[in-house]
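S.K.: Have a look at the structure that comes next, please.
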Amino acid sequence: GVFGACCTLLFSLVAACLGALFACGLGAVAHDWLYGWTVMRAVSALSSRTPEPVATFGLLLLPPSLAAYCARCCRGRAEGAAFGQAVLGALLGGALLGLLASTPPRLYGYDVADQDIHSTSGAKAVATVEL
């Protein structure tokens with residue numbers, strides 16, 4: 001009934017939030033431990049080369065699509081199967097959202113503007129730093 005639907009919705013929301021937080025935290029730890037590795041440079045280069053509208057579209061569309069796919073393909077006939085499907089789909093969708101959000105563009109190459117505070121002309125030097 002209505003109570004079961006509300007409980008499913010509540011648990012699915014909690015699962016999606018936990019999945020997103022865990023995956024985003026895992027991404028932050030991976031960035032910390034693996035900073036400078038070739039794999040991380042490749043992921044950063046890929047995210048930097050992805051056009052912003054495509055990245056936004058992917059961030060908004062891929063997680064709910066994965067959640068809906070998981071909820072539809074993993075059908076069971078047992079009692080409470082719909083609840084498990086909804087929670088699992090939400091958890092996986094949230095995890096994908098967290099992984100996508102934890103990969104910032106331009107992580108390794110960026111411009112650094114330096115201004116000499118003792119200069120009277122206010123000249124700025126810009127250098128591209130590639131770590």
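Order determines the names: the first chain of the structure tokens is A, the second B, and so forth; residues in each chain are numbered 1 upward, and ligands are numbered 1 upward as they are shown.
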Give me, as a list in words, all polymer residues having an atom no more than 8 Å from A:Leu21, counting only C-alpha atoms and skipping those fewer than 4 positions away in the same chain.
M.R.: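 Returned residues: Cys17, Gly25, Gly94, Ala95 and Gly98 of chain A.
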S.K.: Keeping only all heavy atoms, take the residues you just selected and write them out as a PDB file, in the first residue's frame.
M.R.:
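Below is the file that was written, selection.pdb:
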ATOM      1  N   CYS A  17      21.833   8.207  -1.500  1.00  0.00           N
ATOM      2  CA  CYS A  17      22.740   9.158  -0.829  1.00  0.00           C
ATOM      3  C   CYS A  17      23.979   8.453  -0.294  1.00  0.00           C
ATOM      4  O   CYS A  17      25.101   8.957  -0.445  1.00  0.00           O
ATOM      5  CB  CYS A  17      22.013   9.881   0.295  1.00  0.00           C
ATOM      6  SG  CYS A  17      20.771  11.040  -0.289  1.00  0.00           S
ATOM      7  N   GLY A  25      33.655   9.646  -1.804  1.00  0.00           N
ATOM      8  CA  GLY A  25      34.761   9.506  -0.854  1.00  0.00           C
ATOM      9  C   GLY A  25      35.834   8.578  -1.366  1.00  0.00           C
ATOM     10  O   GLY A  25      37.035   8.839  -1.215  1.00  0.00           O
ATOM     11  N   GLY A  94      23.368   5.984  -7.259  1.00  0.00           N
ATOM     12  CA  GLY A  94      24.074   6.937  -6.404  1.00  0.00           C
ATOM     13  C   GLY A  94      25.579   6.755  -6.469  1.00  0.00           C
ATOM     14  O   GLY A  94      26.342   7.724  -6.477  1.00  0.00           O
ATOM     15  N   ALA A  95      26.024   5.501  -6.533  1.00  0.00           N
ATOM     16  CA  ALA A  95      27.462   5.243  -6.636  1.00  0.00           C
ATOM     17  C   ALA A  95      28.019   5.774  -7.952  1.00  0.00           C
ATOM     18  O   ALA A  95      29.104   6.357  -7.983  1.00  0.00           O
ATOM     19  CB  ALA A  95      27.723   3.744  -6.514  1.00  0.00           C
ATOM     20  N   GLY A  98      28.332   9.491  -7.639  1.00  0.00           N
ATOM     21  CA  GLY A  98      29.500   9.849  -6.839  1.00  0.00           C
ATOM     22  C   GLY A  98      30.800   9.698  -7.610  1.00  0.00           C
ATOM     23  O   GLY A  98      31.692  10.539  -7.520  1.00  0.00           O
TER      24      GLY A  98
END
S.K.: Mind checking which residues fall within 6 Å of A:Leu97, counting only C-alpha atoms, ignoring those fewer than 3 positions away in the same chain, and posting them as a list in words?
M.R.: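 Residues meeting the cut-off are Ala20, Pro63, Gly94 and Leu100 of chain A.
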S.K.: Export N, CA and C atoms of the chosen residues as a tab-separated table (two decimals), in the first residue's frame?
M.R.:
chain	number	residue	atom	x	y	z
A	20	ALA	N	26.25	7.53	-3.24
A	20	ALA	CA	26.95	8.70	-3.77
A	20	ALA	C	28.05	9.16	-2.82
A	63	PRO	N	23.20	8.26	-14.03
A	63	PRO	CA	22.82	7.60	-12.77
A	63	PRO	C	21.36	7.16	-12.69
A	94	GLY	N	23.37	5.98	-7.26
A	94	GLY	CA	24.07	6.94	-6.40
A	94	GLY	C	25.58	6.75	-6.47
A	100	LEU	N	31.18	9.85	-10.92
A	100	LEU	CA	31.24	10.89	-11.95
A	100	LEU	C	31.56	12.25	-11.35
S.K.: So which one's closest to A:Pro64, A:Pro51, A:Gly4, A:Gly89, A:Gly80? Using only C-alpha atoms, please.
M.R.: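 So, comparing all the options, the nearest one is A:Gly89.
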S.K.: Kindly indicate which residue among A:Ser65, A:Thr103, A:Val2, A:Arg72 lies nearest to A:Ser44, using only C-alpha atoms for the distances.
M.R.: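 When distances to A:Ser44 are compared using only C-alpha atoms, the smallest one comes from A:Thr103.
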S.K.: For A:Cys70, work out the shell of residues within 12 Å, counting only C-alpha atoms and skipping chain neighbours fewer than 4 positions away, then give it as a PyMOL selection string.
M.R.: chain A and resi 63-66+74-76+82+84-93
S.K.: Quick one: pull the distance between atom CA of A:Leu59 and atom CA of A:Leu18, Å, one decimal.
M.R.: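 Answer for the atom CA of A:Leu59 to atom CA of A:Leu18 separation: 17.2 Å.
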S.K.: Find the residues near A:Ser102: any atom within 8 Å, counting only C-alpha atoms, skip ones fewer than 5 places away on the same chain, and give them as number ranges by chain.
M.R.: A: 23-25, 27-28
S.K.: Which is closer to A:Ala67 than all the others in A:Ser12, A:Ala45, A:Met40, A:Ala30, using only C-alpha atoms?
M.R.: A:Ser12
